[in-house]
Amino acid sequence: MDNIVDSLNNAYQDFVAAAASVLETKDVAVGQKTVATDTALENFKQKWELFRVACDQAEEFVESVKQRIGSECLVDEATGSVTAKSTTGLPPISAVRLEQMSKAVRWLVIELQHGSGAAGGAASHAHSSAPFDARFSEDAPQ
């Protein structure tokens with residue numbers, strides 16, 4: 001998981017640096033199209049694509065973990081095994097809550113991939129429209 005987080009962080013940092021480079025190059029060129037601005041724009045495009053790939057990989061990882069956790073919970077419930085609370089010290093998470101979190105992550109990734117500045121709005125929309133799970137204080141109605 002650390003590798004995925006590091007990869008996503010590095011791709012994001014490279015993307016932001018490429019964006020800054022485009023702005024600086026355009027400023028130096030006084031808005032004129034030059035070889036330097038074309039090169040900076042091409043680099044920006046490459047970094048954007050690499051960032052999208054890193055987002056996709058992170059989303060795939062979240063989905064696989066979600067499925068694994070869901071499967072383990074179903075097996076535990078079906079077999080009457082020890083609950084997650086007694087083994088981890090955390091309350092078990094409902095399948096509904098897990099699906100809500102997964103959807104929120106998917107919306108954020110989609111918003112990032114579309115380049116929208118409304119990613120925060122999408123997260124709050126997904127959070128506020130989803131039914132709350134009373135075990136989690138952050139889900140309680142305000």
# chains A, B, ... in the order shown; residues from 1 in each chain; ligands from 1
>>> residues_around(residues="Ala58 of chain A", least_positions_apart="5", cutoff="8 Å", atoms="only C-alpha atoms", output="VMD selection string")
chain A and resid 4 to 5 8
>>> residues_around(residues="Glu24 of chain A", least_positions_apart="4", cutoff="12 Å", atoms="only C-alpha atoms", output="PyMOL selection string")
chain A and resi 17-20+28-31+36-37+40-41
>>> atom_distance(atom1="atom CA of Cys73 of chain A", atom2="atom CA of Asp6 of chain A")
28.6 Å
>>> residues_around(residues="Lys47 of chain A", least_positions_apart="6", cutoff="8 Å", atoms="only C-alpha atoms", output="count of residues only")
4
>>> atom_distance(atom1="atom CA of Arg68 of chain A", atom2="atom CA of Val109 of chain A")
20.8 Å
>>> atom_distance(atom1="atom CA of Gln46 of chain A", atom2="atom CA of Arg106 of chain A")
22.6 Å
>>> closest_residue(among="A:Tyr12, A:Ser21, A:Asp2, A:Trp107", to="Val53 of chain A", atoms="only C-alpha atoms")
A:Tyr12
